[in-house]
>>> print(open('run.pdb').read())   # PDB, C-alpha atoms, pLDDT in the B column
ATOM      1  CA  MET A  28     -51.575 -32.348  72.708  1.00 47.00           C
ATOM      2  CA  GLY A  29     -51.194 -30.727  76.137  1.00 51.00           C
ATOM      3  CA  LYS A  30     -50.582 -34.113  77.811  1.00 46.00           C
ATOM      4  CA  LYS A  31     -47.930 -35.000  75.247  1.00 43.00           C
ATOM      5  CA  VAL A  32     -46.028 -31.754  75.921  1.00 41.00           C
ATOM      6  CA  VAL A  33     -46.157 -32.376  79.678  1.00 39.00           C
ATOM      7  CA  LYS A  34     -44.763 -35.901  79.220  1.00 38.00           C
ATOM      8  CA  VAL A  35     -41.908 -34.636  77.042  1.00 34.00           C
ATOM      9  CA  LEU A  36     -41.047 -31.898  79.521  1.00 34.00           C
ATOM     10  CA  SER A  37     -41.148 -34.348  82.441  1.00 34.00           C
ATOM     11  CA  PHE A  38     -38.754 -36.698  80.685  1.00 29.00           C
ATOM     12  CA  ALA A  39     -36.426 -33.820  79.809  1.00 32.00           C
ATOM     13  CA  LEU A  40     -36.362 -32.641  83.422  1.00 32.00           C
ATOM     14  CA  LEU A  41     -35.594 -36.151  84.681  1.00 33.00           C
ATOM     15  CA  LEU A  42     -32.807 -36.591  82.158  1.00 32.00           C
ATOM     16  CA  GLY A  43     -31.406 -33.183  83.011  1.00 35.00           C
ATOM     17  CA  ALA A  44     -31.311 -34.005  86.709  1.00 36.00           C
ATOM     18  CA  ILE A  45     -29.003 -36.928  85.983  1.00 36.00           C
ATOM     19  CA  THR A  46     -26.754 -35.694  83.200  1.00 35.00           C
ATOM     20  CA  THR A  47     -26.479 -31.897  83.168  1.00 28.00           C
ATOM     21  CA  SER A  48     -25.205 -29.099  85.359  1.00 28.00           C
ATOM     22  CA  SER A  49     -26.703 -25.746  86.261  1.00 24.00           C
ATOM     23  CA  ALA A  50     -26.589 -23.040  83.608  1.00 24.00           C
ATOM     24  CA  PHE A  51     -26.554 -20.297  86.246  1.00 22.00           C
ATOM     25  CA  ALA A  52     -23.175 -18.917  87.268  1.00 28.00           C
ATOM     26  CA  GLY A  53     -22.247 -19.387  90.902  1.00 31.00           C
ATOM     27  CA  LYS A  54     -24.495 -22.385  91.514  1.00 32.00           C
ATOM     28  CA  GLU A  55     -23.442 -25.957  92.200  1.00 40.00           C
ATOM     29  CA  PRO A  56     -23.984 -28.377  89.299  1.00 42.00           C
ATOM     30  CA  SER A  57     -27.390 -30.033  89.606  1.00 52.00           C
ATOM     31  CA  GLY A  58     -26.576 -33.332  87.887  1.00 86.00           C
ATOM     32  CA  VAL A  59     -24.283 -36.227  88.738  1.00 91.00           C
ATOM     33  CA  MET A  60     -20.686 -35.263  87.961  1.00 95.00           C
ATOM     34  CA  ILE A  61     -18.041 -37.924  87.308  1.00 95.00           C
ATOM     35  CA  HIS A  62     -14.424 -37.371  88.367  1.00 97.00           C
ATOM     36  CA  LYS A  63     -11.395 -39.645  87.940  1.00 96.00           C
ATOM     37  CA  ASP A  64      -8.968 -40.319  90.746  1.00 97.00           C
ATOM     38  CA  ALA A  65      -5.196 -40.806  90.556  1.00 97.00           C
ATOM     39  CA  ILE A  66      -5.510 -44.506  89.647  1.00 95.00           C
ATOM     40  CA  GLY A  67      -8.410 -44.121  87.214  1.00 94.00           C
ATOM     41  CA  GLY A  68     -11.402 -44.868  89.436  1.00 95.00           C
ATOM     42  CA  SER A  69     -14.649 -42.926  89.145  1.00 96.00           C
ATOM     43  CA  VAL A  70     -15.866 -40.614  91.886  1.00 97.00           C
ATOM     44  CA  LEU A  71     -19.389 -39.207  91.671  1.00 96.00           C
ATOM     45  CA  SER A  72     -20.541 -35.819  92.971  1.00 95.00           C
ATOM     46  CA  ASN A  73     -24.117 -34.540  93.366  1.00 92.00           C
ATOM     47  CA  MET A  74     -25.670 -37.967  93.776  1.00 90.00           C
ATOM     48  CA  PRO A  75     -29.461 -37.588  94.046  1.00 88.00           C
ATOM     49  CA  GLY A  76     -31.165 -38.440  97.316  1.00 88.00           C
ATOM     50  CA  ALA A  77     -28.090 -38.011  99.535  1.00 92.00           C
ATOM     51  CA  VAL A  78     -28.739 -38.094 103.293  1.00 95.00           C
ATOM     52  CA  TYR A  79     -26.746 -35.624 105.409  1.00 96.00           C
ATOM     53  CA  ALA A  80     -25.523 -35.679 109.007  1.00 96.00           C
ATOM     54  CA  THR A  81     -26.868 -32.970 111.319  1.00 95.00           C
ATOM     55  CA  PRO A  82     -24.513 -30.431 112.947  1.00 95.00           C
ATOM     56  CA  GLU A  83     -25.002 -32.286 116.235  1.00 94.00           C
ATOM     57  CA  GLU A  84     -23.970 -35.593 114.649  1.00 94.00           C
ATOM     58  CA  GLN A  85     -20.942 -33.960 113.070  1.00 94.00           C
ATOM     59  CA  ALA A  86     -19.827 -32.525 116.415  1.00 92.00           C
ATOM     60  CA  LEU A  87     -20.133 -35.913 118.112  1.00 91.00           C
ATOM     61  CA  GLN A  88     -18.208 -37.597 115.315  1.00 92.00           C
ATOM     62  CA  SER A  89     -15.361 -35.091 115.575  1.00 91.00           C
ATOM     63  CA  GLN A  90     -15.156 -35.824 119.291  1.00 89.00           C
ATOM     64  CA  GLN A  91     -15.257 -39.590 118.803  1.00 89.00           C
ATOM     65  CA  ALA A  92     -12.602 -39.433 116.084  1.00 89.00           C
ATOM     66  CA  SER A  93     -10.012 -39.084 118.836  1.00 86.00           C
ATOM     67  CA  PHE A  94     -10.607 -42.727 119.767  1.00 87.00           C
ATOM     68  CA  GLU A  95      -9.106 -43.812 116.445  1.00 90.00           C
ATOM     69  CA  ALA A  96      -5.694 -42.714 117.716  1.00 86.00           C
ATOM     70  CA  LEU A  97      -5.983 -45.164 120.618  1.00 86.00           C
ATOM     71  CA  LEU A  98      -6.320 -48.157 118.313  1.00 84.00           C
ATOM     72  CA  PRO A  99      -3.254 -50.341 117.651  1.00 76.00           C
ATOM     73  CA  ASN A 100      -0.911 -48.870 115.051  1.00 69.00           C
ATOM     74  CA  LEU A 101       0.125 -50.812 111.963  1.00 62.00           C
ATOM     75  CA  LYS A 102       3.064 -48.684 110.952  1.00 57.00           C
ATOM     76  CA  ASN A 103       4.960 -50.488 108.204  1.00 53.00           C
ATOM     77  CA  ASN A 104       8.467 -49.659 109.386  1.00 48.00           C
ATOM     78  CA  GLY A 105      10.170 -52.819 108.139  1.00 44.00           C
ATOM     79  CA  LEU A 106      11.075 -53.925 111.670  1.00 41.00           C
ATOM     80  CA  ASN A 107       8.087 -56.151 112.319  1.00 44.00           C
ATOM     81  CA  ALA A 108       7.165 -58.711 109.678  1.00 44.00           C
ATOM     82  CA  ALA A 109       3.601 -59.071 111.011  1.00 44.00           C
ATOM     83  CA  ALA A 110       3.009 -55.311 111.047  1.00 47.00           C
ATOM     84  CA  ALA A 111       4.459 -54.997 107.561  1.00 55.00           C
ATOM     85  CA  GLU A 112       1.868 -57.306 106.039  1.00 74.00           C
ATOM     86  CA  ARG A 113      -0.815 -55.507 104.064  1.00 85.00           C
ATOM     87  CA  HIS A 114      -4.342 -56.313 105.158  1.00 89.00           C
ATOM     88  CA  TYR A 115      -7.128 -55.114 102.856  1.00 94.00           C
ATOM     89  CA  ASP A 116     -10.829 -55.190 103.692  1.00 96.00           C
ATOM     90  CA  THR A 117     -11.702 -56.003 100.100  1.00 96.00           C
ATOM     91  CA  GLU A 118     -15.188 -55.741  98.577  1.00 97.00           C
ATOM     92  CA  ASN A 119     -15.946 -58.971  96.684  1.00 96.00           C
ATOM     93  CA  ASN A 120     -19.698 -58.533  96.237  1.00 96.00           C
ATOM     94  CA  PRO A 121     -20.468 -54.835  95.666  1.00 97.00           C
ATOM     95  CA  ILE A 122     -24.017 -53.442  95.665  1.00 96.00           C
ATOM     96  CA  LEU A 123     -25.467 -52.140  92.390  1.00 96.00           C
ATOM     97  CA  ILE A 124     -26.994 -48.733  93.147  1.00 95.00           C
ATOM     98  CA  GLY A 125     -27.335 -46.980  89.798  1.00 93.00           C
ATOM     99  CA  TYR A 126     -26.473 -46.380  86.179  1.00 93.00           C
ATOM    100  CA  TRP A 127     -24.560 -43.096  86.099  1.00 92.00           C
ATOM    101  CA  ASN A 128     -21.055 -44.167  85.116  1.00 92.00           C
ATOM    102  CA  PRO A 129     -20.445 -45.223  81.479  1.00 91.00           C
ATOM    103  CA  ASN A 130     -17.993 -47.993  80.598  1.00 92.00           C
ATOM    104  CA  GLU A 131     -15.922 -48.219  83.786  1.00 91.00           C
ATOM    105  CA  CYS A 132     -17.331 -51.615  84.766  1.00 94.00           C
ATOM    106  CA  GLY A 133     -17.498 -52.931  81.204  1.00 93.00           C
ATOM    107  CA  ALA A 134     -18.211 -51.813  77.653  1.00 93.00           C
ATOM    108  CA  LYS A 135     -21.658 -50.205  77.274  1.00 92.00           C
ATOM    109  CA  LYS A 136     -22.304 -50.579  81.017  1.00 93.00           C
ATOM    110  CA  LYS A 137     -23.168 -47.605  83.210  1.00 94.00           C
ATOM    111  CA  ASP A 138     -23.131 -49.614  86.425  1.00 95.00           C
ATOM    112  CA  THR A 139     -22.283 -47.873  89.697  1.00 96.00           C
ATOM    113  CA  TYR A 140     -21.595 -50.012  92.770  1.00 96.00           C
ATOM    114  CA  ALA A 141     -21.445 -49.217  96.490  1.00 97.00           C
ATOM    115  CA  ARG A 142     -19.365 -50.941  99.102  1.00 97.00           C
ATOM    116  CA  HIS A 143     -20.589 -53.047 102.009  1.00 98.00           C
ATOM    117  CA  THR A 144     -19.407 -51.826 105.424  1.00 98.00           C
ATOM    118  CA  ILE A 145     -16.497 -54.267 105.469  1.00 97.00           C
ATOM    119  CA  GLY A 146     -14.112 -54.141 108.400  1.00 95.00           C
ATOM    120  CA  GLU A 147     -14.324 -54.190 112.168  1.00 94.00           C
ATOM    121  CA  LEU A 148     -17.379 -52.814 113.973  1.00 96.00           C
ATOM    122  CA  HIS A 149     -16.731 -50.622 117.031  1.00 94.00           C
ATOM    123  CA  ASN A 150     -19.200 -49.092 119.504  1.00 91.00           C
ATOM    124  CA  SER A 151     -18.358 -45.790 121.137  1.00 84.00           C
ATOM    125  CA  SER A 152     -20.705 -43.723 123.335  1.00 81.00           C
ATOM    126  CA  GLY A 153     -23.722 -45.444 121.843  1.00 86.00           C
ATOM    127  CA  SER A 154     -22.634 -44.877 118.236  1.00 92.00           C
ATOM    128  CA  LYS A 155     -21.335 -47.381 115.689  1.00 95.00           C
ATOM    129  CA  TYR A 156     -18.015 -46.947 113.904  1.00 96.00           C
ATOM    130  CA  LEU A 157     -16.284 -48.961 111.193  1.00 97.00           C
ATOM    131  CA  LEU A 158     -12.526 -49.539 111.120  1.00 95.00           C
ATOM    132  CA  SER A 159     -11.333 -50.533 107.631  1.00 96.00           C
ATOM    133  CA  TYR A 160      -7.951 -51.031 105.961  1.00 95.00           C
ATOM    134  CA  GLY A 161      -7.286 -50.397 102.283  1.00 96.00           C
ATOM    135  CA  SER A 162      -6.003 -47.943  99.688  1.00 97.00           C
ATOM    136  CA  ALA A 163      -6.573 -44.190  99.577  1.00 98.00           C
ATOM    137  CA  THR A 164      -6.104 -42.052  96.496  1.00 98.00           C
ATOM    138  CA  TRP A 165      -6.884 -38.455  95.416  1.00 98.00           C
ATOM    139  CA  TYR A 166      -8.990 -36.898  92.658  1.00 98.00           C
ATOM    140  CA  ASN A 167      -9.682 -33.172  93.123  1.00 97.00           C
ATOM    141  CA  THR A 168      -8.531 -29.779  94.428  1.00 97.00           C
ATOM    142  CA  SER A 169     -11.963 -28.585  95.592  1.00 96.00           C
ATOM    143  CA  GLY A 170     -12.126 -29.950  99.123  1.00 97.00           C
ATOM    144  CA  LYS A 171     -14.026 -33.113  98.156  1.00 98.00           C
ATOM    145  CA  ASN A 172     -13.497 -36.343 100.100  1.00 98.00           C
ATOM    146  CA  ALA A 173     -15.347 -39.488  99.063  1.00 98.00           C
ATOM    147  CA  LEU A 174     -16.335 -42.775 100.686  1.00 98.00           C
ATOM    148  CA  PRO A 175     -17.863 -45.625  98.645  1.00 98.00           C
ATOM    149  CA  TYR A 176     -20.669 -46.630 101.049  1.00 97.00           C
ATOM    150  CA  ARG A 177     -24.411 -46.468 100.316  1.00 96.00           C
ATOM    151  CA  ASN A 178     -26.135 -43.184 101.038  1.00 95.00           C
ATOM    152  CA  GLY A 179     -29.668 -43.737  99.765  1.00 93.00           C
ATOM    153  CA  SER A 180     -28.726 -42.547  96.272  1.00 88.00           C
ATOM    154  CA  SER A 181     -30.050 -45.100  93.831  1.00 90.00           C
ATOM    155  CA  THR A 182     -31.822 -45.714  90.563  1.00 91.00           C
ATOM    156  CA  THR A 183     -32.243 -49.396  91.413  1.00 92.00           C
ATOM    157  CA  GLY A 184     -34.911 -49.050  94.101  1.00 89.00           C
ATOM    158  CA  GLN A 185     -32.878 -49.410  97.293  1.00 83.00           C
ATOM    159  CA  THR A 186     -32.636 -46.414  99.627  1.00 91.00           C
ATOM    160  CA  THR A 187     -30.460 -47.769 102.453  1.00 95.00           C
ATOM    161  CA  VAL A 188     -28.077 -45.349 104.162  1.00 97.00           C
ATOM    162  CA  ASP A 189     -24.908 -46.970 105.487  1.00 98.00           C
ATOM    163  CA  VAL A 190     -22.874 -43.750 105.837  1.00 98.00           C
ATOM    164  CA  LYS A 191     -24.283 -40.221 105.700  1.00 97.00           C
ATOM    165  CA  MET A 192     -22.908 -37.299 103.738  1.00 97.00           C
ATOM    166  CA  ASN A 193     -21.037 -34.642 105.779  1.00 97.00           C
ATOM    167  CA  ILE A 194     -20.117 -37.122 108.513  1.00 96.00           C
ATOM    168  CA  ASN A 195     -16.676 -36.535 110.023  1.00 96.00           C
ATOM    169  CA  PHE A 196     -14.404 -39.530 109.553  1.00 97.00           C
ATOM    170  CA  THR A 197     -10.739 -40.141 110.286  1.00 97.00           C
ATOM    171  CA  ILE A 198      -8.246 -41.438 107.751  1.00 97.00           C
ATOM    172  CA  ARG A 199      -4.688 -42.489 108.596  1.00 96.00           C
ATOM    173  CA  ASP A 200      -1.688 -43.043 106.327  1.00 96.00           C
ATOM    174  CA  VAL A 201      -0.464 -46.222 108.016  1.00 93.00           C
ATOM    175  CA  ASP A 202       3.135 -45.962 106.787  1.00 92.00           C
ATOM    176  CA  LYS A 203       3.492 -42.319 107.846  1.00 93.00           C
ATOM    177  CA  ASN A 204       1.378 -42.950 110.965  1.00 92.00           C
ATOM    178  CA  LYS A 205      -0.391 -39.624 110.396  1.00 94.00           C
ATOM    179  CA  SER A 206      -4.147 -39.033 110.481  1.00 95.00           C
ATOM    180  CA  SER A 207      -6.695 -36.368 109.596  1.00 96.00           C
ATOM    181  CA  THR A 208     -10.383 -35.965 110.419  1.00 96.00           C
ATOM    182  CA  ILE A 209     -12.351 -34.745 107.405  1.00 96.00           C
ATOM    183  CA  LYS A 210     -15.890 -34.644 105.992  1.00 97.00           C
ATOM    184  CA  ARG A 211     -17.403 -37.162 103.595  1.00 98.00           C
ATOM    185  CA  ASN A 212     -18.994 -35.011 100.884  1.00 97.00           C
ATOM    186  CA  ASP A 213     -18.781 -37.241  97.793  1.00 97.00           C
ATOM    187  CA  PHE A 214     -19.363 -40.821  96.658  1.00 97.00           C
ATOM    188  CA  GLY A 215     -16.685 -43.121  95.334  1.00 95.00           C
ATOM    189  CA  PRO A 216     -14.779 -44.860  94.053  1.00 95.00           C
ATOM    190  CA  ASN A 217     -17.126 -47.023  92.026  1.00 96.00           C
ATOM    191  CA  GLN A 218     -16.673 -50.573  93.345  1.00 96.00           C
ATOM    192  CA  CYS A 219     -16.575 -52.428  90.022  1.00 96.00           C
ATOM    193  CA  PRO A 220     -16.569 -56.205  90.688  1.00 95.00           C
ATOM    194  CA  GLY A 221     -13.151 -57.777  90.252  1.00 93.00           C
ATOM    195  CA  SER A 222     -11.345 -54.461  89.710  1.00 93.00           C
ATOM    196  CA  ARG A 223      -8.488 -52.852  91.627  1.00 91.00           C
ATOM    197  CA  TYR A 224     -10.928 -50.243  92.934  1.00 93.00           C
ATOM    198  CA  VAL A 225     -12.456 -52.711  95.406  1.00 95.00           C
ATOM    199  CA  LYS A 226      -9.377 -52.127  97.600  1.00 96.00           C
ATOM    200  CA  VAL A 227      -9.897 -48.344  97.656  1.00 97.00           C
ATOM    201  CA  ILE A 228     -11.676 -47.233 100.824  1.00 98.00           C
ATOM    202  CA  ALA A 229     -11.364 -43.436 100.385  1.00 98.00           C
ATOM    203  CA  ASP A 230     -10.812 -40.851  97.642  1.00 98.00           C
ATOM    204  CA  LEU A 231      -9.393 -37.567  98.876  1.00 98.00           C
ATOM    205  CA  ASP A 232      -8.819 -33.937  98.123  1.00 98.00           C
ATOM    206  CA  LYS A 233      -5.274 -33.441  96.799  1.00 98.00           C
ATOM    207  CA  THR A 234      -4.239 -31.217  99.720  1.00 98.00           C
ATOM    208  CA  VAL A 235      -5.455 -33.733 102.310  1.00 98.00           C
ATOM    209  CA  PHE A 236      -3.629 -36.525 100.468  1.00 98.00           C
ATOM    210  CA  LYS A 237      -0.365 -34.542 100.349  1.00 98.00           C
ATOM    211  CA  ASP A 238      -0.610 -33.498 104.001  1.00 98.00           C
ATOM    212  CA  LEU A 239      -0.920 -37.131 105.063  1.00 98.00           C
ATOM    213  CA  HIS A 240       1.458 -38.751 102.601  1.00 98.00           C
ATOM    214  CA  GLY A 241       4.015 -36.042 101.809  1.00 98.00           C
ATOM    215  CA  ASN A 242       3.510 -36.113  98.036  1.00 97.00           C
ATOM    216  CA  THR A 243       0.801 -36.680  95.434  1.00 98.00           C
ATOM    217  CA  SER A 244       2.943 -38.393  92.801  1.00 97.00           C
ATOM    218  CA  ASP A 245       2.511 -41.822  94.408  1.00 97.00           C
ATOM    219  CA  GLY A 246      -1.227 -41.527  93.743  1.00 97.00           C
ATOM    220  CA  VAL A 247      -2.156 -44.040  96.423  1.00 97.00           C
ATOM    221  CA  PHE A 248      -1.220 -44.930  99.997  1.00 97.00           C
ATOM    222  CA  TYR A 249      -2.118 -47.690 102.439  1.00 96.00           C
ATOM    223  CA  SER A 250      -4.683 -46.379 104.891  1.00 96.00           C
ATOM    224  CA  ARG A 251      -7.229 -47.072 107.531  1.00 95.00           C
ATOM    225  CA  THR A 252     -10.537 -45.265 108.040  1.00 97.00           C
ATOM    226  CA  TRP A 253     -12.662 -44.741 111.160  1.00 96.00           C
ATOM    227  CA  VAL A 254     -16.191 -44.103 109.861  1.00 97.00           C
ATOM    228  CA  PRO A 255     -19.464 -43.464 111.764  1.00 97.00           C
ATOM    229  CA  LEU A 256     -22.229 -45.822 110.617  1.00 97.00           C
ATOM    230  CA  GLU A 257     -25.980 -45.681 110.240  1.00 96.00           C
ATOM    231  CA  ASN A 258     -26.195 -49.305 109.157  1.00 96.00           C
ATOM    232  CA  TRP A 259     -23.651 -52.078 109.593  1.00 96.00           C
ATOM    233  CA  ASN A 260     -23.867 -54.024 106.383  1.00 95.00           C
ATOM    234  CA  PRO A 261     -20.929 -56.494 106.303  1.00 94.00           C
TER     235      PRO A 261
END
>>> encode(input="run.pdb", output="structure tokens")
Amino acid sequence: MGKKVVKVLSFALLLGAITTSSAFAGKEPSGVMIHKDAIGGSVLSNMPGAVYATPEEQALQSQQASFEALLPNLKNNGLNAAAAERHYDTENNPILIGYWNPNECGAKKKDTYARHTIGELHNSSGSKYLLSYGSATWYNTSGKNALPYRNGSSTTGQTTVDVKMNINFTIRDVDKNKSSTIKRNDFGPNQCPGSRYVKVIADLDKTVFKDLHGNTSDGVFYSRTWVPLENWNP
């Protein structure tokens, strides 16, 4: 009888870690939380097993972010046909990492997918950085900024970390030619195969989005990101 009770409690604790939030006021939710961005994509908070950047890594990344400004601009000002063309580093073969997200990738499917590190690899002061072009949208007013790369969070057995949590990355609104360096502290959007979300390379806090783009009503803008890498996984 004692063993049976232990098994039931163990299962309940495991289930609770995935689906519920803390009952104690003032504490962060303990389970995976699903948010929706401005174009309907899912963004997941509190992913289990997240790997975080150290304060030293964060300081280096803030310093290296200045190199993003030296890269060629692609301001879509209507004067240069080549510059006006939209280039998207699109994910065509996303990585299945878990089963936290009901129905977004198909009826009765909970599939959650991560993005390969698609784009152009750069090396700066011994560190690797990824330059990618794609869409940015917004989903919250709580200071959360999400990137869809693997972080070791998985219920499928893989524990690879492509991009750490709390890294400092730079995002630029290409049309406005304005950038901001912010922290990655969430995961998303879910990279459902064949969906419009595979073009989204960042999901932002509403204030960050508005500061870069000038409004939030558009919901999405064309962007580029400069992201420090642990693993280049093209």
>>> residues_around(input="run.pdb", residues="range 192-199 of chain A", least_positions_apart="4", cutoff="7 Å", atoms="all atoms listed in the file", output="count of residues only")
23
>>> closest_residue(input="run.pdb", among="A:Ala86, A:Pro75, A:His240, A:Pro129", to="Thr186 in chain A", atoms="all atoms listed in the file")
A:Pro75
>>> residues_near_point(input="run.pdb", point="(-4.4, -48.6, 106.4)", cutoff="9 Å", atoms="only C-alpha atoms", output="list in words")
Leu101, Lys102, Arg113, His114, Tyr115, Ser159, Tyr160, Gly161, Ser162, Ala163, Ile198, Arg199, Asp200, Val201, Asp202, Phe248, Tyr249, Ser250, Arg251 and Thr252 of chain A
>>> residues_around(input="run.pdb", residues="Gly170 in chain A", least_positions_apart="2", cutoff="7 Å", atoms="all atoms listed in the file", output="ChimeraX atom specification")
/A:168,172,232
>>> closest_residue(input="run.pdb", among="A:Asp230, A:Asp213, A:Glu147, A:Asp245", to="Met74 in chain A", atoms="all atoms listed in the file")
A:Asp213
>>> atom_distance(input="run.pdb", atom1="CA of Gly246 in chain A", atom2="CA of Ser93 in chain A")
26.7 Å
>>> atom_distance(input="run.pdb", atom1="CA of Tyr140 in chain A", atom2="CA of Trp127 in chain A")
10.1 Å
>>> resolve_selection(input="run.pdb", expression="the PyMOL selection byres ((chain A and resi 131) around 12)", output="PyMOL selection string")
chain A and resi 61-63+67-70+126-130+132-140+216-224
>>> atom_distance(input="run.pdb", atom1="CA of Tyr156 in chain A", atom2="CA of Asp116 in chain A")
15.0 Å
>>> axis_aligned_box(input="run.pdb", around="range 146-156 of chain A", padding_each_side="4 Å", output="JSON")
{"center_x": -18.9, "center_y": -49.0, "center_z": 115.9, "size_x": 17.6, "size_y": 18.5, "size_z": 22.9}
>>> closest_residue(input="run.pdb", among="A:Leu256, A:Val59, A:Val247, A:Leu231", to="Tyr176 in chain A", atoms="all atoms listed in the file")
A:Leu256
>>> resolve_selection(input="run.pdb", expression="the PyMOL selection byres ((chain A and resi 143) around 7)", output="VMD selection string")
chain A and resid 118 121 141 to 142 144 to 145 176 260 to 261
>>> residues_around(input="run.pdb", residues="Gly76 in chain A", least_positions_apart="4", cutoff="10 Å", atoms="all atoms listed in the file", output="list in words")
Asn178, Gly179, Ser180, Ser181, Thr182 and Thr186 of chain A
>>> closest_residue(input="run.pdb", among="A:Leu158, A:Leu87, A:Val235, A:Ile228", to="Thr117 in chain A", atoms="all atoms listed in the file")
A:Ile228
>>> build_atoms(input="run.pdb", residues="range 129-146 of chain A", atoms="N, CA and C atoms", output="JSON list (two decimals), keeping the file's coordinate frame")
[["chain", "number", "residue", "atom", "x", "y", "z"],
["A", 129, "PRO", "N", -20.65, -44.44, 82.70],
["A", 129, "PRO", "CA", -20.44, -45.22, 81.48],
["A", 129, "PRO", "C", -19.10, -45.93, 81.38],
["A", 130, "ASN", "N", -19.14, -47.20, 81.07],
["A", 130, "ASN", "CA", -17.99, -47.99, 80.60],
["A", 130, "ASN", "C", -16.94, -48.38, 81.64],
["A", 131, "GLU", "N", -16.98, -47.86, 82.85],
["A", 131, "GLU", "CA", -15.92, -48.22, 83.79],
["A", 131, "GLU", "C", -15.98, -49.69, 84.18],
["A", 132, "CYS", "N", -17.17, -50.22, 84.33],
["A", 132, "CYS", "CA", -17.33, -51.62, 84.77],
["A", 132, "CYS", "C", -17.60, -52.55, 83.59],
["A", 133, "GLY", "N", -17.29, -52.11, 82.39],
["A", 133, "GLY", "CA", -17.50, -52.93, 81.20],
["A", 133, "GLY", "C", -18.05, -52.11, 80.06],
["A", 134, "ALA", "N", -17.75, -52.53, 78.83],
["A", 134, "ALA", "CA", -18.21, -51.81, 77.65],
["A", 134, "ALA", "C", -19.73, -51.71, 77.63],
["A", 135, "LYS", "N", -20.23, -50.50, 77.38],
["A", 135, "LYS", "CA", -21.66, -50.20, 77.27],
["A", 135, "LYS", "C", -22.41, -50.42, 78.59],
["A", 136, "LYS", "N", -21.67, -50.47, 79.70],
["A", 136, "LYS", "CA", -22.30, -50.58, 81.02],
["A", 136, "LYS", "C", -22.14, -49.26, 81.77],
["A", 137, "LYS", "N", -23.21, -48.82, 82.41],
["A", 137, "LYS", "CA", -23.17, -47.60, 83.21],
["A", 137, "LYS", "C", -23.22, -47.91, 84.70],
["A", 138, "ASP", "N", -22.93, -49.15, 85.06],
["A", 138, "ASP", "CA", -23.13, -49.61, 86.42],
["A", 138, "ASP", "C", -22.30, -48.83, 87.45],
["A", 139, "THR", "N", -22.95, -48.48, 88.55],
["A", 139, "THR", "CA", -22.28, -47.87, 89.70],
["A", 139, "THR", "C", -22.56, -48.74, 90.92],
["A", 140, "TYR", "N", -21.49, -49.08, 91.64],
["A", 140, "TYR", "CA", -21.60, -50.01, 92.77],
["A", 140, "TYR", "C", -21.14, -49.33, 94.06],
["A", 141, "ALA", "N", -21.84, -49.65, 95.15],
["A", 141, "ALA", "CA", -21.44, -49.22, 96.49],
["A", 141, "ALA", "C", -20.74, -50.35, 97.22],
["A", 142, "ARG", "N", -20.13, -50.00, 98.30],
["A", 142, "ARG", "CA", -19.36, -50.94, 99.10],
["A", 142, "ARG", "C", -20.16, -51.35, 100.34],
["A", 143, "HIS", "N", -20.10, -52.63, 100.70],
["A", 143, "HIS", "CA", -20.59, -53.05, 102.01],
["A", 143, "HIS", "C", -19.71, -52.42, 103.09],
["A", 144, "THR", "N", -20.20, -52.37, 104.32],
["A", 144, "THR", "CA", -19.41, -51.83, 105.42],
["A", 144, "THR", "C", -18.49, -52.92, 105.96],
["A", 145, "ILE", "N", -17.44, -53.19, 105.17],
["A", 145, "ILE", "CA", -16.50, -54.27, 105.47],
["A", 145, "ILE", "C", -15.41, -53.74, 106.40],
["A", 146, "GLY", "N", -15.12, -54.52, 107.44],
["A", 146, "GLY", "CA", -14.11, -54.14, 108.40],
["A", 146, "GLY", "C", -14.53, -54.57, 109.78]]
